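Engineer: PDB, C-alpha atoms and all ligand atoms, saved as protein-v5.pdb, coming up:
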ATOM      1  CA  GLN A  22      -8.463 -20.480  -6.747
ATOM      2  CA  LEU A  23      -5.050 -18.839  -6.601
ATOM      3  CA  THR A  24      -2.205 -21.233  -5.750
ATOM      4  CA  SER A  25       1.285 -20.782  -4.364
ATOM      5  CA  ASN A  26       2.895 -23.016  -7.016
ATOM      6  CA  PHE A  27       1.189 -21.480 -10.061
ATOM      7  CA  TYR A  28       4.442 -20.713 -11.920
ATOM      8  CA  ASN A  29       6.510 -23.635 -10.623
ATOM      9  CA  SER A  30       6.836 -25.283 -14.032
ATOM     10  CA  SER A  31       5.979 -22.381 -16.369
ATOM     11  CA  CYS A  32       8.376 -19.825 -14.853
ATOM     12  CA  PRO A  33      10.440 -21.412 -12.089
ATOM     13  CA  ASN A  34      12.703 -18.363 -11.612
ATOM     14  CA  VAL A  35      10.008 -15.729 -11.273
ATOM     15  CA  LEU A  36      10.109 -15.431  -7.476
ATOM     16  CA  SER A  37      13.869 -15.085  -7.354
ATOM     17  CA  ILE A  38      13.861 -12.527 -10.209
ATOM     18  CA  ILE A  39      11.325 -10.385  -8.350
ATOM     19  CA  LYS A  40      13.081 -10.670  -4.993
ATOM     20  CA  THR A  41      16.476  -9.701  -6.416
ATOM     21  CA  ALA A  42      15.022  -6.687  -8.223
ATOM     22  CA  VAL A  43      13.029  -5.505  -5.181
ATOM     23  CA  ASN A  44      16.025  -5.848  -2.882
ATOM     24  CA  SER A  45      18.171  -3.878  -5.294
ATOM     25  CA  ALA A  46      15.587  -1.093  -5.646
ATOM     26  CA  ILE A  47      15.309  -0.838  -1.842
ATOM     27  CA  ALA A  48      19.117  -0.786  -1.509
ATOM     28  CA  THR A  49      19.085   2.280  -3.776
ATOM     29  CA  GLU A  50      16.170   3.925  -1.957
ATOM     30  CA  SER A  51      14.563   2.367   1.111
ATOM     31  CA  ARG A  52      11.300   4.250   0.521
ATOM     32  CA  MET A  53      10.712   2.197  -2.626
ATOM     33  CA  GLY A  54       9.640  -0.713  -0.407
ATOM     34  CA  ALA A  55       6.815   1.426   0.944
ATOM     35  CA  SER A  56       5.863   2.627  -2.506
ATOM     36  CA  LEU A  57       5.628  -0.925  -3.868
ATOM     37  CA  LEU A  58       3.487  -2.072  -0.918
ATOM     38  CA  ARG A  59       1.107   0.820  -1.503
ATOM     39  CA  LEU A  60       0.830   0.063  -5.232
ATOM     40  CA  HIS A  61      -0.506  -3.414  -4.432
ATOM     41  CA  PHE A  62      -3.067  -1.907  -2.000
ATOM     42  CA  HIS A  63      -4.229   0.690  -4.526
ATOM     43  CA  ASP A  64      -4.508  -2.061  -7.127
ATOM     44  CA  CYS A  65      -6.512  -4.472  -4.975
ATOM     45  CA  PHE A  66      -9.003  -1.918  -3.607
ATOM     46  CA  VAL A  67     -10.099  -0.927  -7.123
ATOM     47  CA  ASN A  68     -12.012  -3.821  -8.710
ATOM     48  CA  GLY A  69      -9.629  -6.395  -7.227
ATOM     49  CA  CYS A  70      -5.942  -7.218  -7.706
ATOM     50  CA  ASP A  71      -5.748  -6.986 -11.494
ATOM     51  CA  ALA A  72      -2.914  -4.484 -12.070
ATOM     52  CA  SER A  73      -5.442  -1.832 -13.145
ATOM     53  CA  VAL A  74      -3.375   0.751 -11.257
ATOM     54  CA  LEU A  75      -0.461   0.234 -13.653
ATOM     55  CA  LEU A  76      -2.334   1.190 -16.841
ATOM     56  CA  ASP A  77      -1.572   4.507 -18.466
ATOM     57  CA  ASP A  78      -4.446   6.573 -19.864
ATOM     58  CA  THR A  79      -5.651   5.519 -23.329
ATOM     59  CA  SER A  80      -8.112   6.895 -25.862
ATOM     60  CA  SER A  81     -10.766   4.456 -24.617
ATOM     61  CA  PHE A  82     -10.407   5.020 -20.858
ATOM     62  CA  THR A  83      -8.797   7.284 -18.306
ATOM     63  CA  GLY A  84      -6.524   5.248 -16.070
ATOM     64  CA  GLU A  85      -6.293   5.283 -12.287
ATOM     65  CA  LYS A  86      -2.986   7.134 -12.091
ATOM     66  CA  THR A  87      -4.762  10.490 -12.156
ATOM     67  CA  ALA A  88      -7.311   9.582  -9.458
ATOM     68  CA  ASN A  89      -7.137  11.784  -6.346
ATOM     69  CA  PRO A  90      -5.437   9.231  -4.060
ATOM     70  CA  ASN A  91      -2.873   8.423  -6.768
ATOM     71  CA  SER A  92      -2.064  11.637  -8.610
ATOM     72  CA  GLY A  93       1.371  13.010  -7.736
ATOM     73  CA  SER A  94       1.541  10.311  -5.120
ATOM     74  CA  ILE A  95       1.902   6.688  -6.168
ATOM     75  CA  ARG A  96       5.326   5.646  -7.370
ATOM     76  CA  GLY A  97       7.327   2.550  -8.227
ATOM     77  CA  PHE A  98       6.205   2.064 -11.832
ATOM     78  CA  ASP A  99       9.787   2.040 -13.129
ATOM     79  CA  VAL A 100      10.703  -0.770 -10.730
ATOM     80  CA  ILE A 101       7.686  -2.801 -11.884
ATOM     81  CA  ASP A 102       8.675  -2.177 -15.526
ATOM     82  CA  THR A 103      12.214  -3.390 -14.834
ATOM     83  CA  ILE A 104      10.912  -6.543 -13.154
ATOM     84  CA  LYS A 105       8.425  -7.187 -15.966
ATOM     85  CA  THR A 106      11.162  -6.874 -18.620
ATOM     86  CA  GLN A 107      13.357  -9.359 -16.760
ATOM     87  CA  VAL A 108      10.490 -11.784 -16.229
ATOM     88  CA  GLU A 109       9.423 -11.561 -19.889
ATOM     89  CA  SER A 110      12.928 -12.385 -21.061
ATOM     90  CA  SER A 111      12.951 -15.466 -18.843
ATOM     91  CA  CYS A 112       9.381 -16.649 -19.609
ATOM     92  CA  ALA A 113       7.459 -14.520 -22.093
ATOM     93  CA  GLY A 114       3.716 -14.112 -21.748
ATOM     94  CA  ILE A 115       3.399 -16.184 -18.571
ATOM     95  CA  VAL A 116       3.491 -13.977 -15.458
ATOM     96  CA  SER A 117       0.842 -11.322 -14.803
ATOM     97  CA  CYS A 118       1.602  -7.792 -13.666
ATOM     98  CA  ALA A 119      -0.914  -8.287 -10.844
ATOM     99  CA  ASP A 120       1.119 -11.214  -9.484
ATOM    100  CA  ILE A 121       4.350  -9.220  -9.800
ATOM    101  CA  LEU A 122       2.764  -6.493  -7.634
ATOM    102  CA  ALA A 123       1.641  -9.008  -5.004
ATOM    103  CA  VAL A 124       5.080 -10.625  -4.736
ATOM    104  CA  ALA A 125       6.915  -7.282  -4.803
ATOM    105  CA  ALA A 126       4.771  -6.046  -1.900
ATOM    106  CA  LYS A 127       5.668  -9.092   0.204
ATOM    107  CA  ASP A 128       9.368  -8.908  -0.691
ATOM    108  CA  SER A 129       9.363  -5.215   0.253
ATOM    109  CA  VAL A 130       7.902  -5.885   3.693
ATOM    110  CA  VAL A 131      10.398  -8.702   4.293
ATOM    111  CA  LYS A 132      13.379  -6.600   3.167
ATOM    112  CA  LEU A 133      12.418  -3.814   5.582
ATOM    113  CA  GLY A 134      12.197  -6.211   8.530
ATOM    114  CA  GLY A 135       8.546  -7.238   8.524
ATOM    115  CA  PRO A 136       6.803 -10.613   8.372
ATOM    116  CA  SER A 137       6.753 -12.931   5.391
ATOM    117  CA  TRP A 138       3.811 -14.824   3.958
ATOM    118  CA  THR A 139       3.109 -17.198   1.094
ATOM    119  CA  VAL A 140       1.852 -15.192  -1.870
ATOM    120  CA  LEU A 141      -0.895 -16.990  -3.776
ATOM    121  CA  LEU A 142      -0.516 -16.678  -7.547
ATOM    122  CA  GLY A 143      -2.476 -16.983 -10.767
ATOM    123  CA  ARG A 144      -4.034 -13.532 -11.042
ATOM    124  CA  ARG A 145      -4.484 -12.142 -14.540
ATOM    125  CA  ASP A 146      -4.392  -8.538 -15.718
ATOM    126  CA  SER A 147      -7.348  -6.298 -16.470
ATOM    127  CA  THR A 148      -8.042  -4.782 -19.863
ATOM    128  CA  THR A 149      -9.479  -1.655 -18.310
ATOM    129  CA  ALA A 150      -9.135   0.695 -15.351
ATOM    130  CA  SER A 151     -11.540   2.814 -13.333
ATOM    131  CA  LEU A 152     -10.700   6.336 -12.277
ATOM    132  CA  SER A 153     -14.071   6.750 -10.582
ATOM    133  CA  THR A 154     -13.725   3.554  -8.543
ATOM    134  CA  ALA A 155     -10.212   4.604  -7.488
ATOM    135  CA  ASN A 156     -11.695   7.867  -6.238
ATOM    136  CA  SER A 157     -14.538   6.175  -4.386
ATOM    137  CA  ASP A 158     -12.938   3.003  -3.008
ATOM    138  CA  ILE A 159      -9.455   4.049  -1.856
ATOM    139  CA  PRO A 160      -9.859   5.558   1.629
ATOM    140  CA  ALA A 161      -8.944   9.222   2.107
ATOM    141  CA  PRO A 162      -6.790  10.508   5.000
ATOM    142  CA  THR A 163      -9.631  12.803   6.058
ATOM    143  CA  LEU A 164     -11.895   9.870   7.015
ATOM    144  CA  ASN A 165     -13.070   9.410  10.578
ATOM    145  CA  LEU A 166     -13.026   6.035  12.330
ATOM    146  CA  SER A 167     -16.500   4.928  11.317
ATOM    147  CA  SER A 168     -15.834   5.785   7.661
ATOM    148  CA  LEU A 169     -12.525   3.919   7.759
ATOM    149  CA  ILE A 170     -14.305   0.901   9.188
ATOM    150  CA  SER A 171     -16.966   0.997   6.454
ATOM    151  CA  SER A 172     -14.429   1.571   3.685
ATOM    152  CA  PHE A 173     -12.670  -1.646   4.673
ATOM    153  CA  SER A 174     -15.826  -3.569   5.497
ATOM    154  CA  ASN A 175     -16.964  -2.840   1.914
ATOM    155  CA  LYS A 176     -13.991  -4.987   0.875
ATOM    156  CA  GLY A 177     -14.702  -7.697   3.454
ATOM    157  CA  PHE A 178     -12.318  -6.639   6.228
ATOM    158  CA  ASN A 179     -13.251  -6.303   9.876
ATOM    159  CA  SER A 180     -11.936  -3.454  11.999
ATOM    160  CA  ARG A 181      -9.075  -5.514  13.433
ATOM    161  CA  GLU A 182      -7.890  -6.278   9.888
ATOM    162  CA  MET A 183      -8.268  -2.599   8.992
ATOM    163  CA  VAL A 184      -6.040  -1.623  11.919
ATOM    164  CA  ALA A 185      -3.490  -4.315  11.000
ATOM    165  CA  LEU A 186      -3.327  -3.201   7.352
ATOM    166  CA  SER A 187      -2.958   0.435   8.443
ATOM    167  CA  GLY A 188       0.264  -0.709  10.126
ATOM    168  CA  SER A 189       1.726  -0.377   6.619
ATOM    169  CA  HIS A 190       2.217   3.239   7.646
ATOM    170  CA  THR A 191       5.157   2.024   9.730
ATOM    171  CA  ILE A 192       7.093   2.700   6.502
ATOM    172  CA  GLY A 193       7.071   5.432   3.891
ATOM    173  CA  GLN A 194       6.272   9.099   3.546
ATOM    174  CA  ALA A 195       3.324  11.437   3.063
ATOM    175  CA  ARG A 196       2.999  14.837   1.420
ATOM    176  CA  CYS A 197       2.207  17.920   3.456
ATOM    177  CA  THR A 198      -1.123  18.330   1.682
ATOM    178  CA  THR A 199      -2.346  15.051   3.231
ATOM    179  CA  PHE A 200      -1.762  16.109   6.864
ATOM    180  CA  ARG A 201      -1.694  19.933   6.937
ATOM    181  CA  ASP A 202      -5.205  20.281   8.404
ATOM    182  CA  ARG A 203      -4.237  17.955  11.216
ATOM    183  CA  LEU A 204      -1.156  20.014  12.103
ATOM    184  CA  TYR A 205      -2.989  23.308  12.285
ATOM    185  CA  ASN A 206      -6.519  22.377  13.344
ATOM    186  CA  GLU A 207      -6.562  19.231  15.432
ATOM    187  CA  THR A 208      -6.099  18.768  19.149
ATOM    188  CA  ASP A 209      -5.327  15.039  19.415
ATOM    189  CA  ILE A 210      -1.745  15.643  18.284
ATOM    190  CA  ASN A 211       1.417  15.763  20.381
ATOM    191  CA  ALA A 212       2.445  19.428  20.559
ATOM    192  CA  THR A 213       6.178  18.890  20.076
ATOM    193  CA  PHE A 214       5.496  16.561  17.179
ATOM    194  CA  ALA A 215       3.198  19.126  15.537
ATOM    195  CA  THR A 216       5.727  21.929  15.968
ATOM    196  CA  SER A 217       8.517  19.958  14.367
ATOM    197  CA  LEU A 218       6.320  19.001  11.403
ATOM    198  CA  LYS A 219       5.169  22.552  10.770
ATOM    199  CA  SER A 220       8.622  23.724   9.640
ATOM    200  CA  ASN A 221       8.431  21.330   6.691
ATOM    201  CA  CYS A 222       4.714  21.913   6.107
ATOM    202  CA  PRO A 223       3.825  25.579   6.427
ATOM    203  CA  GLN A 224       0.219  26.683   6.463
ATOM    204  CA  SER A 225       0.475  28.021   2.931
ATOM    205  CA  GLY A 226       2.603  26.599   0.141
ATOM    206  CA  SER A 227       4.846  23.548  -0.418
ATOM    207  CA  ASP A 228       2.117  20.904  -0.671
ATOM    208  CA  ASN A 229       4.612  18.317  -1.807
ATOM    209  CA  ASP A 230       7.200  18.373   0.982
ATOM    210  CA  ILE A 231       7.208  14.952   2.586
ATOM    211  CA  SER A 232       7.383  13.680   6.164
ATOM    212  CA  PRO A 233       7.601  10.118   7.484
ATOM    213  CA  LEU A 234       4.350   8.357   8.378
ATOM    214  CA  ASP A 235       6.216   6.702  11.269
ATOM    215  CA  THR A 236       8.308   9.499  12.723
ATOM    216  CA  THR A 237      10.575   7.035  14.573
ATOM    217  CA  SER A 238      11.485   4.318  12.051
ATOM    218  CA  PRO A 239      10.172   5.086   8.560
ATOM    219  CA  ALA A 240      12.428   2.556   6.850
ATOM    220  CA  THR A 241      11.797  -0.352   9.222
ATOM    221  CA  PHE A 242       8.667  -2.462   9.197
ATOM    222  CA  ASP A 243       8.015  -2.673  12.952
ATOM    223  CA  ASN A 244       5.182  -1.929  15.408
ATOM    224  CA  ILE A 245       6.422   1.554  16.365
ATOM    225  CA  TYR A 246       3.659   3.105  14.249
ATOM    226  CA  TYR A 247       1.193   1.862  16.899
ATOM    227  CA  LYS A 248       3.345   3.063  19.809
ATOM    228  CA  ASN A 249       3.342   6.497  18.164
ATOM    229  CA  LEU A 250      -0.448   6.484  17.799
ATOM    230  CA  ARG A 251      -0.743   5.952  21.556
ATOM    231  CA  ILE A 252       1.215   9.173  22.193
ATOM    232  CA  GLN A 253      -0.718  11.159  19.575
ATOM    233  CA  LYS A 254       2.060  11.008  17.017
ATOM    234  CA  GLY A 255       0.011   9.714  14.115
ATOM    235  CA  LEU A 256       0.791  11.741  10.984
ATOM    236  CA  LEU A 257      -2.523  11.477   9.137
ATOM    237  CA  HIS A 258      -5.928  12.254  10.604
ATOM    238  CA  SER A 259      -6.929   8.710   9.594
ATOM    239  CA  ASP A 260      -3.940   7.235  11.469
ATOM    240  CA  GLN A 261      -4.755   9.014  14.720
ATOM    241  CA  GLN A 262      -8.421   8.036  14.417
ATOM    242  CA  LEU A 263      -7.396   4.442  15.175
ATOM    243  CA  SER A 264      -6.335   5.513  18.671
ATOM    244  CA  SER A 265      -8.462   8.443  19.715
ATOM    245  CA  GLY A 266     -10.945   7.048  22.188
ATOM    246  CA  GLY A 267     -12.916   4.818  19.827
ATOM    247  CA  SER A 268     -13.516   1.116  19.335
ATOM    248  CA  THR A 269     -10.089   0.360  17.833
ATOM    249  CA  ASP A 270      -7.972   1.752  20.699
ATOM    250  CA  SER A 271      -7.649  -1.714  22.210
ATOM    251  CA  ILE A 272      -6.354  -3.193  18.934
ATOM    252  CA  VAL A 273      -3.731  -0.444  18.665
ATOM    253  CA  ASN A 274      -2.722  -1.205  22.244
ATOM    254  CA  THR A 275      -2.377  -4.904  21.467
ATOM    255  CA  TYR A 276      -0.206  -4.296  18.387
ATOM    256  CA  SER A 277       1.901  -1.654  20.156
ATOM    257  CA  SER A 278       2.834  -4.092  22.905
ATOM    258  CA  ASN A 279       3.015  -7.279  20.857
ATOM    259  CA  SER A 280       4.830  -7.105  17.585
ATOM    260  CA  ALA A 281       4.406 -10.830  16.896
ATOM    261  CA  THR A 282       0.623 -10.462  17.016
ATOM    262  CA  PHE A 283       0.816  -7.504  14.636
ATOM    263  CA  PHE A 284       3.052  -9.427  12.229
ATOM    264  CA  THR A 285       0.759 -12.482  12.191
ATOM    265  CA  ASP A 286      -2.392 -10.419  11.703
ATOM    266  CA  PHE A 287      -0.732  -8.245   9.059
ATOM    267  CA  ALA A 288       0.470 -11.227   7.032
ATOM    268  CA  ASN A 289      -2.969 -12.878   7.150
ATOM    269  CA  ALA A 290      -4.685  -9.639   6.133
ATOM    270  CA  MET A 291      -2.273  -9.181   3.230
ATOM    271  CA  VAL A 292      -3.101 -12.655   1.910
ATOM    272  CA  LYS A 293      -6.781 -11.730   2.199
ATOM    273  CA  MET A 294      -6.219  -8.415   0.404
ATOM    274  CA  GLY A 295      -4.369 -10.267  -2.357
ATOM    275  CA  ASN A 296      -7.431 -12.470  -2.849
ATOM    276  CA  LEU A 297      -9.747  -9.545  -3.660
ATOM    277  CA  SER A 298     -11.632 -10.568  -6.832
ATOM    278  CA  PRO A 299      -8.723 -11.698  -9.010
ATOM    279  CA  LEU A 300      -9.188 -12.415 -12.707
ATOM    280  CA  THR A 301      -8.374 -16.085 -13.286
ATOM    281  CA  GLY A 302      -8.656 -18.795 -15.919
ATOM    282  CA  THR A 303      -9.325 -17.181 -19.280
ATOM    283  CA  ASN A 304     -10.521 -13.860 -17.886
ATOM    284  CA  GLY A 305      -8.326 -10.837 -18.478
ATOM    285  CA  GLN A 306      -4.909 -11.290 -20.030
ATOM    286  CA  ILE A 307      -1.203 -11.523 -19.311
ATOM    287  CA  ARG A 308      -0.009  -8.081 -20.335
ATOM    288  CA  LYS A 309       3.279  -7.880 -22.216
ATOM    289  CA  ASN A 310       3.812  -4.375 -20.877
ATOM    290  CA  CYS A 311       2.296  -3.539 -17.495
ATOM    291  CA  ARG A 312       1.426  -0.013 -18.634
ATOM    292  CA  LYS A 313      -0.887  -1.061 -21.481
ATOM    293  CA  THR A 314      -3.259  -3.774 -22.582
ATOM    294  CA  ASN A 315      -2.084  -6.194 -25.285
TER     295      ASN A 315
HETATM  296  C1  LIG B 401      -6.589   3.041   6.406
HETATM  297  C2  LIG B 401      -6.765   3.807   5.350
HETATM  298  C3  LIG B 401      -5.621   4.429   4.631
HETATM  299  C4  LIG B 401      -5.498   5.750   4.306
HETATM  300  C5  LIG B 401      -6.507   6.829   4.602
HETATM  301  C6  LIG B 401      -4.219   5.918   3.676
HETATM  302  C7  LIG B 401      -3.729   7.122   3.199
HETATM  303  C8  LIG B 401      -2.437   7.346   2.805
HETATM  304  C9  LIG B 401      -1.896   8.624   2.438
HETATM  305  C10 LIG B 401      -2.673   9.933   2.377
HETATM  306  C11 LIG B 401      -0.587   8.461   2.167
HETATM  307  C12 LIG B 401       0.401   9.542   1.725
HETATM  308  C13 LIG B 401       0.230   9.769   0.230
HETATM  309  C14 LIG B 401       0.909  11.014  -0.285
HETATM  310  O1  LIG B 401       1.249  11.906   0.456
HETATM  311  O2  LIG B 401       1.104  11.104  -1.503
HETATM  312  C15 LIG B 401      -0.285   7.062   2.345
HETATM  313  C16 LIG B 401       0.948   6.478   2.168
HETATM  314  C17 LIG B 401       1.193   5.135   2.273
HETATM  315  N1  LIG B 401       0.241   4.153   2.449
HETATM  316 FE1  LIG B 401      -1.647   4.418   3.067
HETATM  317  N2  LIG B 401      -3.591   4.713   3.608
HETATM  318  C18 LIG B 401      -4.406   3.772   4.169
HETATM  319  C19 LIG B 401      -4.164   2.417   4.234
HETATM  320  C20 LIG B 401      -3.041   1.794   3.707
HETATM  321  C21 LIG B 401      -2.890   0.372   3.510
HETATM  322  C22 LIG B 401      -3.981  -0.663   3.800
HETATM  323  C23 LIG B 401      -1.654   0.174   2.992
HETATM  324  C24 LIG B 401      -0.977  -1.114   2.561
HETATM  325  C25 LIG B 401      -1.494  -2.320   2.707
HETATM  326  C26 LIG B 401      -1.017   1.475   2.900
HETATM  327  C27 LIG B 401       0.272   1.693   2.514
HETATM  328  C28 LIG B 401       0.876   2.941   2.441
HETATM  329  C29 LIG B 401       2.308   3.134   2.304
HETATM  330  C30 LIG B 401       3.361   2.050   2.358
HETATM  331  C31 LIG B 401       2.507   4.520   2.179
HETATM  332  C32 LIG B 401       3.833   5.249   1.944
HETATM  333  C33 LIG B 401       4.115   5.234   0.446
HETATM  334  C34 LIG B 401       5.418   5.885   0.016
HETATM  335  O3  LIG B 401       6.214   6.329   0.831
HETATM  336  O4  LIG B 401       5.621   5.941  -1.224
HETATM  337  N3  LIG B 401      -1.904   2.440   3.305
HETATM  338  N4  LIG B 401      -1.431   6.405   2.716
HETATM  339 CA    CA B 402       8.558   1.771  11.374
END
Would you encode the structure as structure tokens?
Ligand code: HEM
Ligand SMILES: [Ca+2]
Structural biologist:
Amino acid sequence: QLTSNFYNSSCPNVLSIIKTAVNSAIATESRMGASLLRLHFHDCFVNGCDASVLLDDTSSFTGEKTANPNSGSIRGFDVIDTIKTQVESSCAGIVSCADILAVAAKDSVVKLGGPSWTVLLGRRDSTTASLSTANSDIPAPTLNLSSLISSFSNKGFNSREMVALSGSHTIGQARCTTFRDRLYNETDINATFATSLKSNCPQSGSDNDISPLDTTSPATFDNIYYKNLRIQKGLLHSDQQLSSGGSTDSIVNTYSSNSATFFTDFANAMVKMGNLSPLTGTNGQIRKNCRKTN
């Protein structure tokens, strides 16, 4: 029951405020577009798109920021705070943090050259967060293909949608700790690619040095991620699993040779992800500050 015109009369400037702020953050640092896209994903996969990921720890619950997939990893909170402050001064108490995340993710993809889609609006914000659900429901980079497929099917996505959403890794960076095992222990990796990554990710130490998820164009939302998978240049174990002799090889091949098909499927899957169990009506609240409940 989300609608595209939800704020048309209550906050007519909200979409332009968000777009301007996202574009300016990306102009300062292109990676921020990737970070904002990932925030929306990590929000939606944990009890739906309710901005739970934005809550700091409190005395009554431990937030999601310290969950394994998030700790030392997710970023972009300052940009969301800046947007929220601007939106509050234009229309106080109207726009949810969950909707800001959904629009910021779309604007980020568009700014980096990817497809656009109509973001449905009207989500409300949670009054709690779940560290344990973040740990269980956000897929880990160590997963094999069948576990990736079940992780997404638990949220209602088929394997084609899972492969399309994974195309988000056409932008952004990952820490050495998330792909070190692949560099040193796996065989379905291009040898030259592995050698060049090892210098910035030695076998012991420097867990936090980062490398691009798409070695070719990490700041452009394109289909090169899939072309790289076909030549064993996926950075994460989970990335390469999509094109390593299993049931999703043919989808990777389709997206690698047809960027329009990837863009259409990605946009549709993002709308679907944004619809994951939102709080609506009188459920939840419109937070004044995205980091804490009212
Ligand atoms: C298929 C299962 C997925 C796994 C296993 C996975 C795992 C990861 C990991 C390990 C990182 C690097 C984190 C770090 O080093 O701190 C990462 C980064 C990223 N992920 Fe995923 N991810 C998956 C799906 C997705 C989806 C569905 C999206 C968006 C819809 C997404 C968007 C991103 C983005 C944009 C980055 C780069 C963030 C940045 O540079 O700040 N990922 N992912
Ligand atoms: Ca790219």
Engineer: As a PyMOL selection string, please: every protein or nucleic acid residue near ligand LIG 401 (chain B) (cut-off 8 Å, counting only C-alpha atoms and all ligand atoms).
Structural biologist: chain A and resi 52-63+90-97+159-164+169+173+183-184+186-200+229+231+233-234+257+259-260+291
Engineer: Could the residues of region 218-277 of chain A that have an atom at most 9 Å from region 202-210 of chain A be listed as a Markdown table, each with its closest atom pair and the distance in Å to one decimal, counting all atoms listed in the file and ordered by chain and ascending residue number?
Structural biologist:
| residue | atom | partner | partner_atom | distance |
| --- | --- | --- | --- | --- |
| A:Leu218 | CA | A:Leu204 | CA | 7.6 |
| A:Lys219 | CA | A:Leu204 | CA | 6.9 |
| A:Cys222 | CA | A:Leu204 | CA | 8.6 |
| A:Gln224 | CA | A:Tyr205 | CA | 7.5 |
| A:Ile252 | CA | A:Ile210 | CA | 8.1 |
| A:Gln253 | CA | A:Ile210 | CA | 4.8 |
| A:Lys254 | CA | A:Ile210 | CA | 6.1 |
| A:Gly255 | CA | A:Ile210 | CA | 7.5 |
| A:Leu256 | CA | A:Arg203 | CA | 8.0 |
| A:Leu257 | CA | A:Arg203 | CA | 7.0 |
| A:His258 | CA | A:Arg203 | CA | 6.0 |
| A:Gln261 | CA | A:Asp209 | CA | 7.7 |
| A:Ser265 | CA | A:Asp209 | CA | 7.3 |
Engineer: Can you measure CA of Gly84 (chain A) to CA of Gly302 (chain A) for me? One decimal in Å is fine.
Structural biologist: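 Calculated distance between CA of Gly84 (chain A) and CA of Gly302 (chain A) is 24.1 Å.
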Engineer: Quick check on the file I pasted: which residues fall under the PyMOL selection byres (((chain A and resi 28) around 12) and not hetatm)? Write them as a list in words.
Structural biologist: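 Residues picked by the PyMOL selection byres (((chain A and resi 28) around 12) and not hetatm): Leu23, Thr24, Ser25, Asn26, Phe27, Asn29, Ser30, Ser31, Cys32, Pro33, Asn34, Val35, Leu36, Ser37, Val108, Cys112, Gly114, Ile115, Val116, Ser117, Asp120, Ile121, Val140, Leu141, Leu142, Gly143 and Arg144 of chain A.
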Engineer: Using all atoms listed in the file, collect all residues at a distance of at most 10 Å from (2.9, 2.4, 18.2) as written in the file, then present them as a PyMOL selection string.
Structural biologist: chain A and resi 188+191+235+237+243-255+264+273-278+280
Engineer: A:Leu133, A:Ile47, A:Val67, A:Ile101: which is nearest ligand CA 402 (chain B), counting only C-alpha atoms and all ligand atoms?
Structural biologist: A:Leu133
Engineer: Could you tell me which residues the PyMOL selection byres (((chain A and resi 155) around 10) and not hetatm) grabs in this file, written as a PyMOL selection string?
Structural biologist: chain A and resi 63-64+66-68+73-74+84-91+150-154+156-160
Engineer: What's the separation between CA of Ser147 (chain A) and CA of Lys309 (chain A), in Å to one decimal place?
Structural biologist: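 We find that CA of Ser147 (chain A) and CA of Lys309 (chain A) lie 12.2 Å from each other.
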Engineer: Could you tell me how far CA of Asp102 (chain A) lies from CA of Asp71 (chain A), in Å and to one decimal?
Structural biologist: 15.7 Å
Engineer: With only C-alpha atoms and all ligand atoms as the basis for distance, which of A:Phe242, A:Gly135, A:Pro223, A:Ala48 is at the shortest distance from ligand CA 402 (chain B)?
Structural biologist: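 Checking each candidate against ligand CA 402 (chain B), we get A:Phe242 as the closest.
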Engineer: Using all atoms listed in the file, which of the listed residues (A:Asn221, A:Thr49, A:Pro239, A:Thr41) sits closest to ligand CA 402 (chain B)?
Structural biologist: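 Smallest separation from ligand CA 402 (chain B) among the options: A:Pro239.
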Engineer: Hey, which of A:Asn296, A:Ser238, A:Ser137, A:Ser111 ends up closest to ligand CA 402 (chain B)? Count all atoms listed in the file.
Structural biologist: A:Ser238
Engineer: Report as a PyMOL selection string the full result of the PyMOL selection byres (((chain A and resi 145) around 6) and not hetatm) when it is applied to this structure.
Structural biologist: chain A and resi 117+144+146+300-301+305-307
Engineer: Using all atoms listed in the file, pick whichever of A:Ala281, A:Ala290, A:Val130, A:Ile38 has the shortest atom-to-atom distance to ligand CA 402 (chain B).
Structural biologist: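 Closest candidate: A:Val130.
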Engineer: Which residue out of A:Pro299, A:Gly177, A:Gly134, A:Gly266 has the minimum interatomic distance to ligand CA 402 (chain B) when only C-alpha atoms and all ligand atoms are used?
Structural biologist: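 So, comparing all the options, the nearest one is A:Gly134.
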